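Colleague: Pasting upload_37.txt below, which is compact mmCIF, C-alpha atoms and all ligand atoms.
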# COMPACT_ATOMS: atom_id res chain seq x y z
CA MET H 1 0.00 0.00 0.00
CA ALA H 2 2.96 2.31 0.53
CA PHE H 3 2.97 3.27 -3.13
CA LEU H 4 -0.28 5.16 -2.67
CA SER H 5 1.56 7.82 -0.63
CA LYS H 6 3.11 9.28 -3.74
CA PHE H 7 -0.30 10.47 -4.95
CA PHE H 8 -0.48 12.91 -2.08
CA ASP H 9 0.94 16.32 -1.56
CA LYS H 10 3.07 16.46 1.58
CA LYS H 11 1.24 19.59 2.71
CA GLU H 12 -2.16 17.94 2.72
CA SER H 13 -3.61 17.27 6.13
CA ARG H 14 -3.37 13.66 7.15
CA ALA H 15 -4.80 11.64 9.95
CA LEU H 16 -4.34 8.18 11.41
CA GLY H 17 -6.91 5.96 13.10
CA VAL H 18 -5.43 3.40 15.51
CA ASP H 19 -7.61 0.51 16.68
CA ILE H 20 -5.97 -1.55 19.40
CA GLY H 21 -8.00 -4.75 19.38
CA SER H 22 -7.41 -7.69 21.68
CA SER H 23 -5.86 -9.74 18.88
CA ALA H 24 -4.55 -7.15 16.42
CA ILE H 25 -3.76 -3.48 15.92
CA LYS H 26 -5.32 -1.89 12.87
CA VAL H 27 -4.31 1.47 11.37
CA VAL H 28 -5.85 3.53 8.58
CA GLU H 29 -4.31 6.72 7.24
CA LEU H 30 -6.42 9.28 5.39
CA ALA H 31 -5.58 12.54 3.64
CA LYS H 32 -7.75 15.44 2.70
CA LYS H 33 -7.87 15.65 -1.07
CA ASN H 34 -10.03 18.30 -2.75
CA GLY H 35 -11.97 18.58 0.48
CA GLN H 36 -12.62 14.82 0.63
CA ALA H 37 -11.20 11.99 2.69
CA ALA H 38 -8.88 9.83 0.61
CA LEU H 39 -7.18 6.60 1.59
CA VAL H 40 -3.40 6.85 1.98
CA THR H 41 -2.70 3.45 3.47
CA TYR H 42 -3.91 0.83 5.92
CA GLY H 43 -2.40 -2.11 7.73
CA GLU H 44 -2.56 -4.44 10.70
CA LEU H 45 -0.32 -6.32 13.06
CA ALA H 46 -1.25 -9.41 15.09
CA LEU H 47 -0.64 -9.07 18.84
CA GLY H 48 -0.62 -12.80 19.68
CA PRO H 49 3.10 -13.25 18.91
CA TYR H 50 3.96 -10.43 21.38
CA ALA H 51 2.72 -12.69 24.16
CA GLY H 52 4.00 -15.97 22.77
CA PHE H 53 0.64 -16.87 21.25
CA ASN H 54 -0.54 -17.30 17.68
CA VAL H 55 -1.82 -14.88 15.09
CA GLY H 56 -5.59 -14.43 15.51
CA GLN H 57 -5.60 -15.02 19.28
CA ALA H 58 -6.71 -12.46 21.86
CA VAL H 59 -4.01 -11.51 24.37
CA SER H 60 -3.70 -9.09 27.23
CA LEU H 61 -0.51 -7.07 27.04
CA PRO H 62 1.09 -4.39 29.25
CA PRO H 63 1.19 -0.82 27.79
CA GLY H 64 4.90 -1.08 26.95
CA LYS H 65 4.38 -4.15 24.79
CA ILE H 66 1.45 -2.56 22.98
CA ALA H 67 3.50 0.57 22.33
CA GLN H 68 6.25 -1.63 20.91
CA ALA H 69 3.77 -3.34 18.59
CA ILE H 70 2.40 0.06 17.49
CA ASN H 71 5.90 1.26 16.67
CA ASP H 72 6.62 -1.94 14.76
CA LEU H 73 3.50 -1.34 12.68
CA LEU H 74 4.39 2.32 12.11
CA ASN H 75 7.85 1.25 10.91
CA GLU H 76 6.49 -1.41 8.58
CA LYS H 77 7.73 -0.25 5.15
CA GLU H 78 5.01 -2.10 3.28
CA VAL H 79 2.31 -0.21 5.15
CA GLY H 80 4.12 3.10 4.87
CA VAL H 81 2.26 5.18 7.45
CA THR H 82 3.40 8.80 7.09
CA THR H 83 1.77 10.63 9.99
CA ARG H 84 1.79 10.13 13.75
CA LYS H 85 -1.26 12.33 14.38
CA CYS H 86 -4.03 10.01 15.42
CA GLY H 87 -7.12 9.16 17.36
CA LEU H 88 -7.20 5.96 19.42
CA SER H 89 -10.01 3.54 20.24
CA ILE H 90 -10.97 2.34 23.69
CA PRO H 91 -12.66 -1.06 23.98
CA PHE H 92 -16.39 -0.94 24.57
CA GLY H 93 -15.92 -3.15 27.63
CA SER H 94 -13.89 -0.41 29.33
CA SER H 95 -16.78 2.04 29.24
CA LEU H 96 -20.01 2.55 31.14
CA MET H 97 -22.98 4.00 29.29
CA SER H 98 -26.38 5.18 30.40
CA VAL H 99 -29.21 7.08 28.79
CA ILE H 100 -30.90 9.43 31.24
CA GLU H 101 -33.90 11.67 30.89
CA MET H 102 -33.42 15.37 31.62
CA PRO H 103 -35.62 18.43 31.37
CA GLU H 104 -35.07 20.39 28.17
CA VAL H 105 -32.97 23.26 29.54
CA SER H 106 -30.05 25.22 28.12
CA THR H 107 -26.73 23.50 27.43
CA LYS H 108 -25.17 25.60 30.18
CA GLU H 109 -27.64 24.36 32.73
CA LEU H 110 -27.25 20.80 31.50
CA ALA H 111 -23.50 21.07 32.02
CA VAL H 112 -24.20 21.55 35.72
CA MET H 113 -27.07 19.11 36.05
CA VAL H 114 -25.83 16.11 34.07
CA PRO H 115 -22.72 15.33 36.19
CA LEU H 116 -24.86 15.52 39.35
CA GLU H 117 -27.49 13.25 37.85
CA ALA H 118 -24.83 10.89 36.51
CA ARG H 119 -23.86 9.91 40.06
CA LYS H 120 -27.07 7.91 40.31
CA TYR H 121 -26.27 5.86 37.23
CA ILE H 122 -22.53 5.27 37.35
CA PRO H 123 -21.80 2.42 39.76
CA VAL H 124 -18.39 3.75 40.83
CA PRO H 125 -17.42 6.96 42.66
CA ILE H 126 -17.63 9.87 40.25
CA SER H 127 -14.08 10.92 41.15
CA GLU H 128 -12.78 7.67 39.67
CA VAL H 129 -14.17 8.24 36.18
CA GLN H 130 -14.09 10.72 33.33
CA ILE H 131 -17.59 11.61 32.20
CA ASP H 132 -18.70 12.72 28.79
CA TRP H 133 -22.26 13.30 27.66
CA SER H 134 -24.30 14.36 24.68
CA VAL H 135 -27.92 15.15 23.99
CA ILE H 136 -29.54 12.50 21.83
CA PRO H 137 -31.06 14.10 18.75
CA LYS H 138 -34.83 13.77 18.68
CA SER H 139 -36.25 11.41 16.11
CA GLY H 140 -39.05 13.86 15.39
CA VAL H 141 -41.58 11.08 15.65
CA SER H 142 -41.14 10.11 19.28
CA ARG H 143 -43.95 12.24 20.64
CA ALA H 144 -46.38 10.92 18.07
CA GLU H 145 -45.19 7.44 18.90
CA ASP H 146 -45.70 8.06 22.59
CA GLU H 147 -49.22 9.20 21.92
CA LEU H 148 -49.95 6.21 19.72
CA ALA H 149 -48.65 3.89 22.39
CA GLY H 150 -50.94 5.59 24.86
CA ARG H 151 -48.04 6.87 26.94
CA ASN H 152 -48.61 9.91 29.03
CA VAL H 153 -47.69 13.06 27.16
CA ALA H 154 -48.40 15.96 29.49
CA ILE H 155 -48.49 19.15 27.48
CA SER H 156 -47.99 21.39 30.46
CA ALA H 157 -44.90 19.55 31.72
CA ILE H 158 -41.39 20.70 30.75
CA PRO H 159 -40.35 18.73 27.65
CA LYS H 160 -37.80 16.01 28.32
CA ILE H 161 -34.69 15.14 26.42
CA ASP H 162 -32.55 12.02 26.45
CA VAL H 163 -28.91 12.44 27.37
CA LEU H 164 -26.28 9.79 26.75
CA ILE H 165 -23.69 9.58 29.52
CA VAL H 166 -20.41 7.82 28.92
CA ALA H 167 -17.95 7.14 31.72
CA ILE H 168 -14.43 5.80 31.42
CA HIS H 169 -12.41 4.76 34.43
CA ASN H 170 -9.38 6.94 35.20
CA GLU H 171 -7.18 3.83 35.22
CA THR H 172 -8.23 3.03 31.66
CA ILE H 173 -7.41 6.56 30.50
CA ALA H 174 -4.05 6.35 32.27
CA ARG H 175 -3.31 3.04 30.56
CA TYR H 176 -3.93 4.53 27.11
CA GLN H 177 -1.94 7.63 27.96
CA GLU H 178 0.94 5.37 28.90
CA ILE H 179 0.65 3.52 25.58
CA ILE H 180 0.78 6.85 23.73
CA ALA H 181 3.71 8.12 25.80
CA LYS H 182 5.69 4.95 25.11
CA SER H 183 4.89 4.92 21.38
CA ALA H 184 5.70 7.31 18.55
CA LEU H 185 2.03 8.34 18.27
CA GLU H 186 0.59 11.80 18.88
CA ALA H 187 -3.03 11.21 19.89
CA SER H 188 -5.56 13.97 20.35
CA PHE H 189 -8.52 11.86 21.47
CA PHE H 190 -9.66 8.48 22.72
CA GLU H 191 -12.98 7.24 21.44
CA ILE H 192 -14.98 4.20 22.46
CA GLU H 193 -14.83 1.81 19.55
CA ILE H 194 -18.55 1.63 18.80
CA PHE H 195 -18.76 5.38 18.15
CA ALA H 196 -15.93 5.13 15.63
CA THR H 197 -17.63 2.12 14.06
CA GLY H 198 -20.90 4.01 13.79
CA ARG H 199 -19.21 6.88 11.95
CA ALA H 200 -17.63 4.40 9.54
CA VAL H 201 -20.59 2.18 8.75
CA LEU H 202 -23.86 4.02 9.36
CA ASP H 203 -25.76 6.32 7.08
CA GLU H 204 -28.42 8.69 8.30
CA VAL H 205 -30.97 6.06 9.17
CA LEU H 206 -33.80 6.66 11.54
CA GLN H 207 -34.57 3.04 12.21
CA PRO H 208 -32.40 1.12 14.66
CA VAL H 209 -29.74 -1.23 13.28
CA MET H 210 -27.80 -4.02 14.91
CA ILE H 211 -24.02 -3.99 14.55
CA ILE H 212 -22.29 -7.34 15.15
CA ASP H 213 -18.53 -7.08 15.74
CA ILE H 214 -16.95 -10.54 15.56
CA GLY H 215 -13.53 -10.32 17.23
CA ALA H 216 -11.09 -12.98 18.36
CA ALA H 217 -12.33 -13.90 21.84
CA THR H 218 -15.73 -12.19 21.90
CA THR H 219 -18.51 -10.90 19.69
CA LYS H 220 -19.97 -7.52 20.53
CA LEU H 221 -23.61 -6.79 19.73
CA TYR H 222 -24.99 -3.26 19.62
CA VAL H 223 -28.34 -1.79 18.72
CA VAL H 224 -27.72 1.72 17.45
CA GLU H 225 -30.41 4.30 16.83
CA ARG H 226 -29.90 7.92 15.85
CA GLY H 227 -26.23 7.61 16.65
CA ILE H 228 -26.65 6.24 20.12
CA ILE H 229 -26.36 2.81 21.66
CA ARG H 230 -29.78 1.61 22.74
CA ALA H 231 -28.68 -1.87 23.75
CA SER H 232 -25.48 -3.88 23.88
CA HIS H 233 -24.35 -7.37 24.73
CA THR H 234 -21.09 -9.28 24.62
CA VAL H 235 -21.10 -12.93 23.52
CA ASN H 236 -18.21 -14.97 24.89
CA ARG H 237 -17.38 -16.54 21.55
CA GLY H 238 -15.28 -15.23 18.74
CA SER H 239 -13.27 -16.27 15.74
CA GLN H 240 -10.49 -17.88 17.81
CA ASP H 241 -13.08 -20.44 18.96
CA ILE H 242 -13.43 -21.47 15.33
CA THR H 243 -9.65 -21.88 15.09
CA GLY H 244 -9.71 -23.93 18.29
CA ALA H 245 -12.50 -26.14 16.97
CA ILE H 246 -10.68 -26.75 13.67
CA SER H 247 -7.45 -27.51 15.52
CA LYS H 248 -9.18 -30.12 17.69
CA SER H 249 -11.24 -31.65 14.94
CA LEU H 250 -8.35 -32.05 12.48
CA GLY H 251 -5.69 -32.68 15.14
CA VAL H 252 -3.48 -29.86 13.86
CA ALA H 253 -1.63 -27.09 15.73
CA PRO H 254 -3.58 -23.85 16.32
CA ALA H 255 -1.25 -21.90 14.00
CA GLU H 256 -2.07 -24.30 11.18
CA ALA H 257 -5.77 -24.27 12.03
CA GLU H 258 -5.72 -20.46 11.75
CA VAL H 259 -4.36 -20.71 8.21
CA ILE H 260 -6.91 -23.38 7.29
CA LYS H 261 -9.73 -21.28 8.75
CA ARG H 262 -8.83 -18.26 6.62
CA GLN H 263 -8.34 -20.39 3.50
CA GLU H 264 -11.39 -22.64 3.69
CA GLY H 265 -13.92 -20.75 5.73
CA LEU H 266 -17.36 -22.32 5.43
CA VAL H 267 -17.01 -23.05 1.73
CA GLY H 268 -14.19 -25.62 1.61
CA GLU H 269 -14.41 -29.27 0.59
CA ASN H 270 -13.87 -30.65 4.09
CA GLN H 271 -17.31 -30.91 5.68
CA ASN H 272 -15.69 -31.36 9.10
CA ILE H 273 -14.28 -27.85 9.01
CA THR H 274 -17.59 -26.37 7.93
CA ASP H 275 -19.48 -28.27 10.63
CA VAL H 276 -17.28 -27.30 13.58
CA SER H 277 -17.07 -23.70 12.41
CA ARG H 278 -20.83 -23.50 12.04
CA LEU H 279 -21.31 -24.72 15.58
CA VAL H 280 -19.52 -21.64 16.91
CA LEU H 281 -21.35 -19.30 14.55
CA ASP H 282 -24.75 -20.82 15.27
CA TYR H 283 -24.18 -20.00 18.92
CA ILE H 284 -23.16 -16.39 18.15
CA PHE H 285 -26.02 -15.77 15.75
CA GLY H 286 -28.43 -17.46 18.17
CA GLU H 287 -27.44 -15.01 20.90
CA ALA H 288 -27.66 -12.11 18.46
CA ASN H 289 -31.16 -13.16 17.44
CA VAL H 290 -32.27 -13.29 21.06
CA ALA H 291 -30.89 -9.77 21.62
CA LEU H 292 -32.47 -8.50 18.41
CA LEU H 293 -35.91 -9.88 19.10
CA SER H 294 -35.92 -8.79 22.73
CA PHE H 295 -35.03 -5.23 21.68
CA GLU H 296 -37.81 -5.18 19.11
CA LYS H 297 -40.30 -6.47 21.64
CA LYS H 298 -39.25 -4.16 24.46
CA TYR H 299 -39.29 -0.96 22.41
CA ASN H 300 -41.85 -1.98 19.82
CA ARG H 301 -39.40 -1.02 17.09
CA THR H 302 -38.20 -2.92 14.04
CA ILE H 303 -34.48 -3.32 13.51
CA ALA H 304 -33.89 -2.31 9.90
CA LYS H 305 -30.74 -4.31 9.29
CA VAL H 306 -27.86 -6.27 10.74
CA ILE H 307 -24.37 -4.98 9.87
CA LEU H 308 -21.36 -7.27 10.22
CA VAL H 309 -17.95 -5.90 11.23
CA GLY H 310 -14.75 -7.30 12.78
CA GLY H 311 -12.05 -9.59 11.43
CA GLY H 312 -14.09 -12.66 12.33
CA SER H 313 -16.77 -11.62 9.85
CA ALA H 314 -14.24 -11.96 7.02
CA LEU H 315 -14.64 -15.75 7.17
CA LYS H 316 -15.60 -17.02 3.73
CA GLY H 317 -19.31 -17.86 3.56
CA LEU H 318 -20.08 -16.20 6.89
CA ALA H 319 -22.24 -13.43 5.45
CA ASN H 320 -24.41 -16.00 3.66
CA LEU H 321 -24.81 -18.01 6.84
CA ALA H 322 -25.82 -14.83 8.65
CA LYS H 323 -28.40 -14.08 5.97
CA GLU H 324 -30.00 -17.45 6.72
CA ALA H 325 -29.82 -16.93 10.48
CA PHE H 326 -31.70 -13.63 10.64
CA LYS H 327 -35.12 -12.58 9.41
CA THR H 328 -33.73 -9.07 9.17
CA GLU H 329 -31.66 -7.90 6.20
CA VAL H 330 -27.93 -8.64 6.72
CA MET H 331 -24.97 -6.88 5.14
CA SER H 332 -21.20 -6.78 5.58
CA ALA H 333 -20.00 -3.28 6.39
CA ASP H 334 -18.25 -1.40 3.61
CA PRO H 335 -16.53 1.44 5.51
CA PHE H 336 -13.91 2.14 2.83
CA SER H 337 -16.81 3.37 0.68
CA LYS H 338 -16.73 6.51 2.87
CA VAL H 339 -13.31 7.42 1.52
CA SER H 340 -11.99 7.74 -2.00
CA ALA H 341 -9.53 5.11 -3.17
CA PRO H 342 -8.15 3.85 -6.48
CA ALA H 343 -10.68 1.76 -8.39
CA PHE H 344 -8.33 -1.22 -8.71
CA LEU H 345 -8.43 -1.65 -4.93
CA ALA H 346 -12.24 -1.81 -4.83
CA ASN H 347 -12.51 -5.57 -4.33
CA ILE H 348 -9.83 -5.94 -1.68
CA LEU H 349 -11.19 -2.94 0.24
CA LYS H 350 -14.66 -4.44 0.22
CA GLU H 351 -13.26 -7.66 1.65
CA THR H 352 -11.05 -6.17 4.35
CA GLY H 353 -13.38 -3.27 5.16
CA PRO H 354 -15.31 -4.87 8.04
CA GLU H 355 -12.08 -5.47 9.95
CA PHE H 356 -11.00 -1.83 9.64
CA ALA H 357 -14.30 -0.17 10.55
CA VAL H 358 -13.04 1.16 13.91
CA ALA H 359 -9.76 2.48 12.49
CA ILE H 360 -11.56 4.20 9.58
CA GLY H 361 -14.04 5.88 11.91
CA LEU H 362 -11.19 7.17 14.08
CA ALA H 363 -9.26 8.46 11.07
CA LEU H 364 -12.37 10.24 9.73
CA ARG H 365 -12.82 12.06 13.03
CA LYS H 366 -9.15 12.95 13.27
CA LEU H 367 -9.14 14.24 9.69
CA SER H 368 -12.12 16.48 10.38
CA GLU H 369 -10.18 17.93 13.35
CA GLU H 370 -7.20 18.65 11.16
CA GLU H 371 -8.95 21.44 9.26
N1 LIG V 401 -9.73 -13.50 6.50
C1 LIG V 401 -10.16 -14.01 7.64
N2 LIG V 401 -10.94 -15.10 7.68
C2 LIG V 401 -11.36 -15.61 8.83
N3 LIG V 401 -11.08 -15.10 10.05
C3 LIG V 401 -10.31 -14.02 10.09
C4 LIG V 401 -9.81 -13.41 8.90
N4 LIG V 401 -9.07 -12.33 9.25
C5 LIG V 401 -9.11 -12.27 10.59
N5 LIG V 401 -9.83 -13.29 11.10
C6 LIG V 401 -10.09 -13.57 12.51
O1 LIG V 401 -10.66 -12.43 13.12
C7 LIG V 401 -10.27 -12.37 14.49
C8 LIG V 401 -9.80 -10.97 14.81
O2 LIG V 401 -10.80 -10.04 14.52
P1 LIG V 401 -10.57 -8.52 14.91
O3 LIG V 401 -9.27 -8.05 14.41
O4 LIG V 401 -11.78 -7.77 14.54
O5 LIG V 401 -10.49 -8.67 16.50
P2 LIG V 401 -9.99 -7.64 17.60
O6 LIG V 401 -10.37 -6.27 17.16
O7 LIG V 401 -8.57 -7.89 17.89
O8 LIG V 401 -10.85 -8.12 18.82
P3 LIG V 401 -11.74 -7.28 19.82
O9 LIG V 401 -12.46 -6.23 19.03
O10 LIG V 401 -12.67 -8.30 20.40
O11 LIG V 401 -10.79 -6.72 20.81
C9 LIG V 401 -9.15 -13.37 14.68
O12 LIG V 401 -9.58 -14.43 15.50
C10 LIG V 401 -8.83 -13.85 13.26
O13 LIG V 401 -8.52 -15.21 13.24
MG MG V 402 -11.96 -5.03 17.46
Let me see the structure of the file written as structure tokens.
Modeller:
Amino acid sequence: MAFLSKFFDKKESRALGVDIGSSAIKVVELAKKNGQAALVTYGELALGPYAGFNVGQAVSLPPGKIAQAINDLLNEKEVGVTTRKCGLSIPFGSSLMSVIEMPEVSTKELAVMVPLEARKYIPVPISEVQIDWSVIPKSGVSRAEDELAGRNVAISAIPKIDVLIVAIHNETIARYQEIIAKSALEASFFEIEIFATGRAVLDEVLQPVMIIDIGAATTKLYVVERGIIRASHTVNRGSQDITGAISKSLGVAPAEAEVIKRQEGLVGENQNITDVSRLVLDYIFGEANVALLSFEKKYNRTIAKVILVGGGSALKGLANLAKEAFKTEVMSADPFSKVSAPAFLANILKETGPEFAVAIGLALRKLSEEE
């Protein structure tokens, strides 16, 4: 990908998105070209080997080791990253989120009221977390919906607004600051991964959608509506369970099973591989279906579509299996479609896109800050 750099003027603003996943670091570099975001380069580095494990496995590493891996990826000639200015993702699991109802008062007043109100919803002392919040845009139909549903809409009462509160533990922030300090990166923000993903994969849709992020050790499920997370759930299965199942079933080492998994997917000749892989995916999609249907029932809303992201969703034949598993429309995310790129890369970008959704979303935000 490094060759793409030569298409860009050195003076153009550039931005890097850095997604530190549990099994791999992903980076995407964008440049502003004629006022539009254009792809400069992208790349990834498996973290497993930094802990003596295999490619594709989730590991937990100290900040120093992660910084070392970041620097290795930045120095990778084939990737050819040219800027150090970046935004970084924070795992969803390291955040606490709540939607609270507030009276519709001025932003200034909210700035005083929300932190006080937040104390009731954040299960740790407020001094131990950093709090961020934003007013959830109104759908424009909610009042009518309330009335239809027979809910009490008092005209005389002060109108209410929904406010999303996000809290991140100080220790988590400190950990990411240490990673930055020990690496060559210059980060200007940390963003919880699902917000970056949303920017990269969602269009202006009013109906809720379900995003399924298939990682190495876990699969994260989110229901997103009007840019906010209405529901979330983590399934304790991920793509490394497929590798494990293949390894056991064929009696081969995990490293070899990882290669076989990526080569064969669900479409190979060996029915054994397909069967054991499907077992893992049936479980994941089963859980996702339960979450989807319970959301629809609870809020009396229809989920418009299911969007697949994460490296695990790159498994050959997985999207088709997902289409069978859900009644709802299913699609693989195509986040690179939000940036301009040479036409000859179209196919590869479509294939690798789901894995880079977080990094693209981060880079898009960073690029917009660069103006
Ligand atoms: N082409 C592919 N085919 C099948 N599986 C793949 C492919 N590429 C990556 N994977 C699998 O995807 C998993 C990693 O996905 P991803 O990079 O999204 O996880 P992560 O971001 O590190 O995890 P998390 O978000 O849970 O922290 C690995 O288990 C890997 O084996
Ligand atoms: Mg991830």
Colleague: Find the residues near ligand MG 402 (chain V). Use a cut-off of 6 Å, count all atoms listed in the file, and write them as a JSON list (two decimals) with C-alpha atoms, keeping the file's coordinate frame.
Modeller:
[["chain", "number", "residue", "atom", "x", "y", "z"],
["H", 21, "GLY", "CA", -8.00, -4.75, 19.38],
["H", 215, "GLY", "CA", -13.53, -10.32, 17.23],
["H", 310, "GLY", "CA", -14.75, -7.30, 12.78]]
Colleague: Name the residues in contact with Leu367 in chain H at a cut-off of 9 Å, using all atoms listed in the file, excluding same-chain residues fewer than 6 positions from it; report them as a ChimeraX atom specification.
Modeller: /H:13-16,30-32,37,86
Colleague: Select the residues contacting ligand LIG 401 (chain V) at a distance of at most 9 Å, based on only C-alpha atoms and all ligand atoms, then format the selection as a PyMOL selection string.
Modeller: chain H and resi 19-26+44+46-47+55-59+91-92+193+213-220+238-243+258-259+261-265+309-316+318+351-352+354-358
Colleague: Set the distance at 12 Å and use only C-alpha atoms: which residues neighbour Glu296 in chain H once local chain neighbours fewer than 6 positions away are removed? I'd like the list as a PyMOL selection string.
Modeller: chain H and resi 207-210+223+230-231+289-290+302-304+328
Colleague: Expressed in Å to a single decimal, how great is the separation between CA of His233 in chain H and CA of Leu221 in chain H?
Modeller: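 So the answer is 5.1 Å.
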Colleague: Return the single residue from H:Arg365, H:Leu39, H:Glu287, H:Ala319 that is closest to Ala343 in chain H, with distances computed using all atoms listed in the file.
Modeller: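 Result for the nearest residue to Ala343 in chain H: H:Leu39.
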